[in-house]
Amino acid sequence: MPESLGVKKVLVTGASGKIGRNLIPALLGAGYSVRATQNRTPVEADGVEVMRGSVSDWDFVREAVAGGGGGGGVDAICHLATTKEDRNFIDVSVRGTFNLLDAAKESGGVKQFILAGGDAALGIFFYENPEPLTEESPLRAYPGYYAFSKVLEEVMTGQYAIQYSLGVTVMRCSWIMADDDLLSHMTLAPPDFGGPAWKELASSPEQRAFFDEGRDGAGVLRHPDGSAYVRHVVAIEDVVGSMMAALDSPAAVGETFNVAAPGAFRYDELAGYISGKLDIPAVDFECDAGRDFRIDVGKIGRVLGREPQWTAERMIDAGIEFRRSGSERAAAGYSG
């Protein structure tokens, strides 16, 4: 088996999103030529060929892949463009993915098509998952447009590999954390990130006092039986590192990889860690709307030699340093 696919030029869709704005510098740093699609949000990266248009537009996508504007065709596609809970997901997730797959097939020069999938396609917190979720776990979206879209994207991508021998890799990412996202999710004071919203779970006078008085705390999400919730997330650094490992690797072609932290976290343990770091109390909240889940991340290490590196505690440490640096966090409101 060859050691490299020979990828030199990469098309990145959704280039201004969370993954894109972190992946593009890594691609440029590794010597790849990058072409990026821009729909609404500007792509802020030097040394990138930016093409403005929507992936739902067939003529635009065909030109972006084949280089009809004179820039030459691409060797690989990193399809990151997506929507969240938006009924118009059909335009991006279905028509856009189809357009990119069809353009890659038509061009004949695309060696690797990486899809940024999501563990939402496995149902995660909505269904009972007594065993860790693997790459072979059945696709079963939880209610909502986003999870449904991730299932459709995976199915379409897999079928193009079967029908046309297109080289594809699905990177099935957990809820992606950057900047101080996980710290914002775990603590009671603004900014909030994701769900459930702690304030909406506050049922006692003691709990409500934190929000009425503007006091901070670390939230502990508990089941009605008192046990702490367990879930998986992933740091953006591990997402980027995993995609970089797969991009030019023949071993990645035709495979699906779970991309998540080295282990799941327990809300009580992580809240205790934050409590010790920030000298704020851990506060219990009961919630009956979810299920525990864990992701099996062994395959990517076995196949690509790339182990996940960012634990939840490391993400919290990085989030604390991010806040102390005075940096501005990117706007994000998706309930992961």
# chains A, B, ... in the order shown; residues from 1 in each chain; ligands from 1

call {"tool": "residues_around", "arguments": {"residues": "range 116-132 of chain A", "least_positions_apart": "3", "cutoff": "8 Å", "atoms": "only C-alpha atoms", "output": "short mmCIF file (atom, residue, chain, number, x, y, z; two decimals) with N, CA and C atoms, in the first residue's frame"}}
result
data_model
loop_
_atom_site.label_atom_id
_atom_site.label_comp_id
_atom_site.auth_asym_id
_atom_site.auth_seq_id
_atom_site.Cartn_x
_atom_site.Cartn_y
_atom_site.Cartn_z
N CYS A 78 -12.56 18.54 2.04
CA CYS A 78 -12.96 18.46 3.44
C CYS A 78 -14.31 19.15 3.54
N HIS A 79 -15.36 18.34 3.63
CA HIS A 79 -16.72 18.89 3.62
C HIS A 79 -17.16 19.14 5.06
N LEU A 80 -17.09 20.41 5.46
CA LEU A 80 -17.40 20.82 6.83
C LEU A 80 -18.70 21.60 6.92
N SER A 137 -21.91 0.97 15.18
CA SER A 137 -23.21 1.17 15.80
C SER A 137 -24.22 1.67 14.77
N PRO A 138 -25.48 1.28 14.91
CA PRO A 138 -26.48 1.67 13.90
C PRO A 138 -26.73 3.17 13.89
N LEU A 139 -26.99 3.69 12.69
CA LEU A 139 -27.36 5.09 12.55
C LEU A 139 -28.81 5.23 12.98
N ARG A 140 -29.07 6.10 13.96
CA ARG A 140 -30.43 6.32 14.44
C ARG A 140 -30.51 7.72 15.04
N ALA A 141 -30.96 8.64 14.23
CA ALA A 141 -31.01 10.05 14.62
C ALA A 141 -32.00 10.26 15.76
N TYR A 142 -31.65 11.15 16.66
CA TYR A 142 -32.64 11.59 17.64
C TYR A 142 -33.53 12.65 16.99
N TYR A 146 -30.95 18.41 12.77
CA TYR A 146 -29.48 18.26 12.72
C TYR A 146 -29.08 16.79 12.73
N ALA A 147 -29.58 16.03 13.68
CA ALA A 147 -29.21 14.62 13.76
C ALA A 147 -29.63 13.88 12.48
N PHE A 148 -30.80 14.20 11.98
CA PHE A 148 -31.28 13.59 10.74
C PHE A 148 -30.33 13.91 9.59
N LYS A 150 -27.14 14.51 9.72
CA LYS A 150 -25.87 13.79 9.83
C LYS A 150 -26.01 12.35 9.36
N VAL A 151 -27.18 11.75 9.59
CA VAL A 151 -27.43 10.40 9.06
C VAL A 151 -27.44 10.42 7.54
N GLU A 153 -26.12 12.55 5.45
CA GLU A 153 -24.78 12.82 4.91
C GLU A 153 -23.92 11.56 4.89
N GLU A 154 -23.94 10.80 5.99
CA GLU A 154 -23.14 9.58 6.05
C GLU A 154 -23.60 8.56 5.02
N VAL A 170 -15.28 9.17 6.68
CA VAL A 170 -16.22 9.86 7.56
C VAL A 170 -15.57 10.04 8.92
N MET A 171 -15.43 11.29 9.34
CA MET A 171 -14.91 11.62 10.66
C MET A 171 -16.10 11.97 11.54
N ARG A 172 -16.54 11.02 12.36
CA ARG A 172 -17.76 11.17 13.15
C ARG A 172 -17.41 11.86 14.48
N CYS A 173 -17.56 13.17 14.50
CA CYS A 173 -17.09 13.98 15.63
C CYS A 173 -18.14 14.09 16.73
N SER A 174 -17.68 14.07 17.97
CA SER A 174 -18.53 14.39 19.10
C SER A 174 -18.72 15.91 19.16
N TRP A 175 -19.44 16.37 20.16
CA TRP A 175 -19.69 17.81 20.34
C TRP A 175 -18.35 18.52 20.48
N ARG A 231 -21.07 11.75 29.57
CA ARG A 231 -21.16 12.03 28.14
C ARG A 231 -19.77 12.26 27.56
N ASN A 258 -14.63 7.37 14.75
CA ASN A 258 -15.14 8.19 15.84
C ASN A 258 -14.05 9.15 16.28
N ALA A 289 -34.12 14.25 30.99
CA ALA A 289 -34.30 14.33 29.54
C ALA A 289 -33.19 13.68 28.73
N GLY A 290 -32.28 12.96 29.37
CA GLY A 290 -31.17 12.42 28.59
C GLY A 290 -30.68 11.09 29.10
N ARG A 291 -29.76 10.48 28.34
CA ARG A 291 -29.16 9.19 28.67
C ARG A 291 -27.64 9.34 28.64
N ASP A 292 -26.99 8.53 29.42
CA ASP A 292 -25.53 8.49 29.38
C ASP A 292 -25.06 7.86 28.07
N PHE A 293 -23.87 8.26 27.62
CA PHE A 293 -23.28 7.58 26.47
C PHE A 293 -21.76 7.76 26.49
N ARG A 294 -21.11 6.79 25.91
CA ARG A 294 -19.65 6.80 25.76
C ARG A 294 -19.31 6.45 24.32
N ILE A 295 -18.21 6.99 23.82
CA ILE A 295 -17.78 6.75 22.45
C ILE A 295 -16.51 5.91 22.47
N ASP A 296 -16.47 4.85 21.68
CA ASP A 296 -15.25 4.06 21.51
C ASP A 296 -14.35 4.77 20.51
#

call {"tool": "select_by_dssp", "arguments": {"residues": "range 175-252 of chain A", "states": "strand (DSSP E or B)", "output": "list in words"}}
result
Ile176, Met177, Thr187, Ala218, Gly219, Val220, Leu221, Arg222, Ala228, Val230, Arg231, Val234 and Ala235 of chain A

call {"tool": "closest_atom_pairs", "arguments": {"of": "range 64-98 of chain A", "to": "range 28-33 of chain A", "cutoff": "12 Å", "atoms": "only C-alpha atoms", "output": "JSON lines"}}
result
{"residue": "A:Gly71", "atom": "CA", "partner": "A:Ser33", "partner_atom": "CA", "distance": 10.6}
{"residue": "A:Gly72", "atom": "CA", "partner": "A:Ser33", "partner_atom": "CA", "distance": 11.0}
{"residue": "A:Gly73", "atom": "CA", "partner": "A:Ser33", "partner_atom": "CA", "distance": 11.1}
{"residue": "A:Val74", "atom": "CA", "partner": "A:Ser33", "partner_atom": "CA", "distance": 8.9}
{"residue": "A:Asp75", "atom": "CA", "partner": "A:Ser33", "partner_atom": "CA", "distance": 9.9}
{"residue": "A:Ala76", "atom": "CA", "partner": "A:Tyr32", "partner_atom": "CA", "distance": 10.3}
{"residue": "A:Ile77", "atom": "CA", "partner": "A:Ser33", "partner_atom": "CA", "distance": 11.8}

call {"tool": "write_last_selection", "arguments": {"atoms": "N, CA and C atoms", "output": "tab-separated table (two decimals), in the first residue's frame"}}
result
chain	number	residue	atom	x	y	z
A	71	GLY	N	-7.86	27.88	-11.49
A	71	GLY	CA	-6.96	27.49	-10.41
A	71	GLY	C	-6.63	26.01	-10.36
A	72	GLY	N	-7.17	25.24	-11.29
A	72	GLY	CA	-6.89	23.81	-11.31
A	72	GLY	C	-7.77	23.05	-10.34
A	73	GLY	N	-7.92	21.76	-10.58
A	73	GLY	CA	-8.76	20.92	-9.74
A	73	GLY	C	-8.12	20.60	-8.40
A	74	VAL	N	-8.94	20.13	-7.47
A	74	VAL	CA	-8.45	19.78	-6.13
A	74	VAL	C	-8.24	18.26	-6.05
A	75	ASP	N	-7.35	17.86	-5.15
A	75	ASP	CA	-7.08	16.44	-4.91
A	75	ASP	C	-7.94	15.88	-3.79
A	76	ALA	N	-8.40	16.76	-2.91
A	76	ALA	CA	-9.15	16.31	-1.74
A	76	ALA	C	-10.20	17.35	-1.37
A	77	ILE	N	-11.25	16.88	-0.70
A	77	ILE	CA	-12.32	17.75	-0.23
A	77	ILE	C	-12.53	17.48	1.25

call {"tool": "residues_around", "arguments": {"residues": "Phe285 in chain A", "least_positions_apart": "4", "cutoff": "9 Å", "atoms": "only C-alpha atoms", "output": "PDB file with N, CA and C atoms, in the first residue's frame"}}
result
ATOM      1  N   TRP A 198     -28.774  25.666  32.607  1.00  0.00           N
ATOM      2  CA  TRP A 198     -28.840  25.471  34.059  1.00  0.00           C
ATOM      3  C   TRP A 198     -29.980  26.259  34.685  1.00  0.00           C
ATOM      4  N   LEU A 201     -33.218  24.554  34.715  1.00  0.00           N
ATOM      5  CA  LEU A 201     -33.302  23.389  35.595  1.00  0.00           C
ATOM      6  C   LEU A 201     -33.412  23.780  37.069  1.00  0.00           C
ATOM      7  N   ALA A 202     -33.176  25.067  37.365  1.00  0.00           N
ATOM      8  CA  ALA A 202     -33.192  25.514  38.759  1.00  0.00           C
ATOM      9  C   ALA A 202     -34.609  25.437  39.316  1.00  0.00           C
ATOM     10  N   SER A 203     -34.812  24.596  40.336  1.00  0.00           N
ATOM     11  CA  SER A 203     -36.143  24.403  40.900  1.00  0.00           C
ATOM     12  C   SER A 203     -36.242  24.789  42.373  1.00  0.00           C
ATOM     13  N   GLN A 207     -30.940  27.007  44.323  1.00  0.00           N
ATOM     14  CA  GLN A 207     -30.455  26.990  42.943  1.00  0.00           C
ATOM     15  C   GLN A 207     -30.745  28.316  42.247  1.00  0.00           C
ATOM     16  N   GLY A 219     -21.973  23.315  37.331  1.00  0.00           N
ATOM     17  CA  GLY A 219     -23.177  22.514  37.310  1.00  0.00           C
ATOM     18  C   GLY A 219     -22.907  21.017  37.296  1.00  0.00           C
ATOM     19  N   VAL A 220     -23.666  20.298  38.092  1.00  0.00           N
ATOM     20  CA  VAL A 220     -23.623  18.835  38.106  1.00  0.00           C
ATOM     21  C   VAL A 220     -24.963  18.336  37.600  1.00  0.00           C
ATOM     22  N   LEU A 221     -24.971  17.747  36.440  1.00  0.00           N
ATOM     23  CA  LEU A 221     -26.201  17.228  35.854  1.00  0.00           C
ATOM     24  C   LEU A 221     -26.447  15.816  36.398  1.00  0.00           C
ATOM     25  N   ARG A 222     -27.594  15.636  37.051  1.00  0.00           N
ATOM     26  CA  ARG A 222     -27.893  14.346  37.674  1.00  0.00           C
ATOM     27  C   ARG A 222     -29.206  13.770  37.148  1.00  0.00           C
ATOM     28  N   HIS A 223     -29.240  12.447  37.041  1.00  0.00           N
ATOM     29  CA  HIS A 223     -30.463  11.725  36.718  1.00  0.00           C
ATOM     30  C   HIS A 223     -31.400  11.764  37.928  1.00  0.00           C
TER      31      HIS A 223
END

call {"tool": "select_by_dssp", "arguments": {"residues": "range 148-255 of chain A", "states": "helix (DSSP H, G or I)", "output": "CSV table (one decimal) with N, CA and C atoms, in the first residue's frame"}}
result
chain,number,residue,atom,x,y,z
A,148,PHE,N,-30.8,14.2,12.0
A,148,PHE,CA,-31.3,13.6,10.7
A,148,PHE,C,-30.3,13.9,9.6
A,149,SER,N,-29.9,15.2,9.5
A,149,SER,CA,-29.0,15.5,8.4
A,149,SER,C,-27.6,14.8,8.5
A,150,LYS,N,-27.1,14.5,9.7
A,150,LYS,CA,-25.9,13.8,9.8
A,150,LYS,C,-26.0,12.3,9.4
A,151,VAL,N,-27.2,11.7,9.6
A,151,VAL,CA,-27.4,10.4,9.1
A,151,VAL,C,-27.4,10.4,7.5
A,152,LEU,N,-28.2,11.4,7.0
A,152,LEU,CA,-28.3,11.4,5.5
A,152,LEU,C,-26.9,11.7,4.9
A,153,GLU,N,-26.1,12.6,5.5
A,153,GLU,CA,-24.8,12.8,4.9
A,153,GLU,C,-23.9,11.6,4.9
A,154,GLU,N,-23.9,10.8,6.0
A,154,GLU,CA,-23.1,9.6,6.1
A,154,GLU,C,-23.6,8.6,5.0
A,155,VAL,N,-24.9,8.4,4.9
A,155,VAL,CA,-25.4,7.4,3.9
A,155,VAL,C,-25.1,7.8,2.5
A,156,MET,N,-25.2,9.0,2.1
A,156,MET,CA,-24.9,9.5,0.8
A,156,MET,C,-23.4,9.3,0.5
A,157,THR,N,-22.6,9.6,1.4
A,157,THR,CA,-21.1,9.5,1.3
A,157,THR,C,-20.7,8.0,1.1
A,158,GLY,N,-21.3,7.2,1.9
A,158,GLY,CA,-21.0,5.8,1.8
A,158,GLY,C,-21.5,5.2,0.5
A,159,GLN,N,-22.6,5.6,0.1
A,159,GLN,CA,-23.1,5.0,-1.2
A,159,GLN,C,-22.3,5.5,-2.4
A,160,TYR,N,-21.7,6.7,-2.4
A,160,TYR,CA,-20.9,7.1,-3.5
A,160,TYR,C,-19.6,6.3,-3.5
A,161,ALA,N,-19.1,5.9,-2.3
A,161,ALA,CA,-17.9,5.0,-2.3
A,161,ALA,C,-18.3,3.7,-2.9
A,162,ILE,N,-19.5,3.1,-2.6
A,162,ILE,CA,-19.9,1.8,-3.2
A,162,ILE,C,-20.1,2.0,-4.7
A,163,GLN,N,-20.9,2.9,-5.1
A,163,GLN,CA,-21.3,3.1,-6.5
A,163,GLN,C,-20.2,3.4,-7.4
A,164,TYR,N,-19.3,4.3,-7.0
A,164,TYR,CA,-18.3,4.8,-7.9
A,164,TYR,C,-16.9,4.7,-7.4
A,181,ASP,N,-15.4,26.9,25.5
A,181,ASP,CA,-16.7,26.3,25.3
A,181,ASP,C,-17.1,25.4,26.4
A,182,LEU,N,-16.2,24.4,26.8
A,182,LEU,CA,-16.6,23.4,27.8
A,182,LEU,C,-16.8,24.1,29.2
A,183,LEU,N,-15.9,25.1,29.5
A,183,LEU,CA,-16.0,25.8,30.7
A,183,LEU,C,-17.4,26.6,30.7
A,184,SER,N,-17.7,27.1,29.6
A,184,SER,CA,-19.0,27.9,29.5
A,184,SER,C,-20.2,26.9,29.7
A,185,HIS,N,-20.1,25.7,29.2
A,185,HIS,CA,-21.1,24.8,29.3
A,185,HIS,C,-21.3,24.3,30.8
A,186,MET,N,-20.2,24.2,31.5
A,186,MET,CA,-20.2,23.6,32.8
A,186,MET,C,-20.6,24.6,33.9
A,198,TRP,N,-28.8,25.7,32.6
A,198,TRP,CA,-28.8,25.5,34.1
A,198,TRP,C,-30.0,26.3,34.7
A,199,LYS,N,-30.2,27.5,34.2
A,199,LYS,CA,-31.2,28.3,34.8
A,199,LYS,C,-32.6,27.7,34.7
A,200,GLU,N,-32.8,27.0,33.5
A,200,GLU,CA,-34.1,26.3,33.3
A,200,GLU,C,-34.3,25.1,34.2
A,201,LEU,N,-33.2,24.6,34.7
A,201,LEU,CA,-33.3,23.4,35.6
A,201,LEU,C,-33.4,23.8,37.1
A,205,PRO,N,-35.1,27.3,45.8
A,205,PRO,CA,-34.6,28.7,46.1
A,205,PRO,C,-33.1,28.8,46.1
A,206,GLU,N,-32.4,27.7,46.6
A,206,GLU,CA,-31.0,27.8,46.6
A,206,GLU,C,-30.4,27.8,45.2
A,207,GLN,N,-30.9,27.0,44.3
A,207,GLN,CA,-30.5,27.0,42.9
A,207,GLN,C,-30.7,28.3,42.2
A,208,ARG,N,-32.0,28.8,42.4
A,208,ARG,CA,-32.3,30.1,41.7
A,208,ARG,C,-31.5,31.3,42.2
A,209,ALA,N,-31.1,31.2,43.5
A,209,ALA,CA,-30.3,32.3,44.0
A,209,ALA,C,-29.0,32.5,43.2
A,210,PHE,N,-28.4,31.5,42.7
A,210,PHE,CA,-27.2,31.7,41.9
A,210,PHE,C,-27.4,32.6,40.7
A,211,PHE,N,-28.6,32.5,40.1
A,211,PHE,CA,-28.9,33.3,38.9
A,211,PHE,C,-29.4,34.7,39.3
A,212,ASP,N,-30.2,34.7,40.4
A,212,ASP,CA,-30.8,36.0,40.8
A,212,ASP,C,-29.7,36.9,41.4
A,236,ILE,N,-11.4,20.8,19.7
A,236,ILE,CA,-11.1,21.1,18.3
A,236,ILE,C,-9.7,20.7,17.9
A,237,GLU,N,-8.8,20.7,18.8
A,237,GLU,CA,-7.4,20.2,18.5
A,237,GLU,C,-7.4,18.8,18.1
A,238,ASP,N,-8.2,17.9,18.7
A,238,ASP,CA,-8.3,16.5,18.3
A,238,ASP,C,-9.0,16.3,17.0
A,239,VAL,N,-10.0,17.2,16.7
A,239,VAL,CA,-10.7,17.1,15.5
A,239,VAL,C,-9.7,17.4,14.3
A,240,VAL,N,-9.0,18.5,14.5
A,240,VAL,CA,-8.1,19.0,13.4
A,240,VAL,C,-7.0,17.9,13.3
A,241,GLY,N,-6.4,17.5,14.4
A,241,GLY,CA,-5.3,16.5,14.3
A,241,GLY,C,-5.8,15.2,13.6
A,242,SER,N,-7.0,14.8,13.9
A,242,SER,CA,-7.5,13.5,13.3
A,242,SER,C,-7.8,13.7,11.8
A,243,MET,N,-8.3,14.9,11.4
A,243,MET,CA,-8.5,15.1,10.0
A,243,MET,C,-7.2,15.2,9.2
A,244,MET,N,-6.2,15.8,9.8
A,244,MET,CA,-4.9,15.9,9.2
A,244,MET,C,-4.3,14.5,9.0
A,245,ALA,N,-4.5,13.6,10.0
A,245,ALA,CA,-3.9,12.3,9.9
A,245,ALA,C,-4.6,11.5,8.8
A,246,ALA,N,-5.9,11.8,8.6
A,246,ALA,CA,-6.6,11.0,7.6
A,246,ALA,C,-6.5,11.5,6.2
A,247,LEU,N,-6.2,12.8,6.0
A,247,LEU,CA,-6.2,13.5,4.7
A,247,LEU,C,-5.4,12.8,3.6
A,250,PRO,N,-3.7,6.5,2.8
A,250,PRO,CA,-4.5,5.4,2.1
A,250,PRO,C,-5.3,4.6,3.1
A,251,ALA,N,-4.8,4.4,4.3
A,251,ALA,CA,-5.4,3.6,5.3
A,251,ALA,C,-6.8,4.2,5.7
A,252,ALA,N,-7.0,5.5,5.5
A,252,ALA,CA,-8.2,6.1,5.9
A,252,ALA,C,-9.3,6.0,4.9

call {"tool": "closest_residue", "arguments": {"among": "A:Leu23, A:Val110, A:Ala218, A:Val94", "to": "Val168 in chain A", "atoms": "only C-alpha atoms"}}
result
A:Val110

call {"tool": "atom_distance", "arguments": {"atom1": "CA of Ala271 in chain A", "atom2": "CA of Gly298 in chain A"}}
result
26.4 Å

call {"tool": "closest_atom_pairs", "arguments": {"of": "range 285-318 of chain A", "to": "range 177-180 of chain A", "cutoff": "8 Å", "atoms": "only C-alpha atoms", "output": "JSON lines"}}
result
{"residue": "A:Met315", "atom": "CA", "partner": "A:Asp180", "partner_atom": "CA", "distance": 7.7}
{"residue": "A:Ile316", "atom": "CA", "partner": "A:Asp180", "partner_atom": "CA", "distance": 7.2}
{"residue": "A:Ala318", "atom": "CA", "partner": "A:Asp180", "partner_atom": "CA", "distance": 7.1}
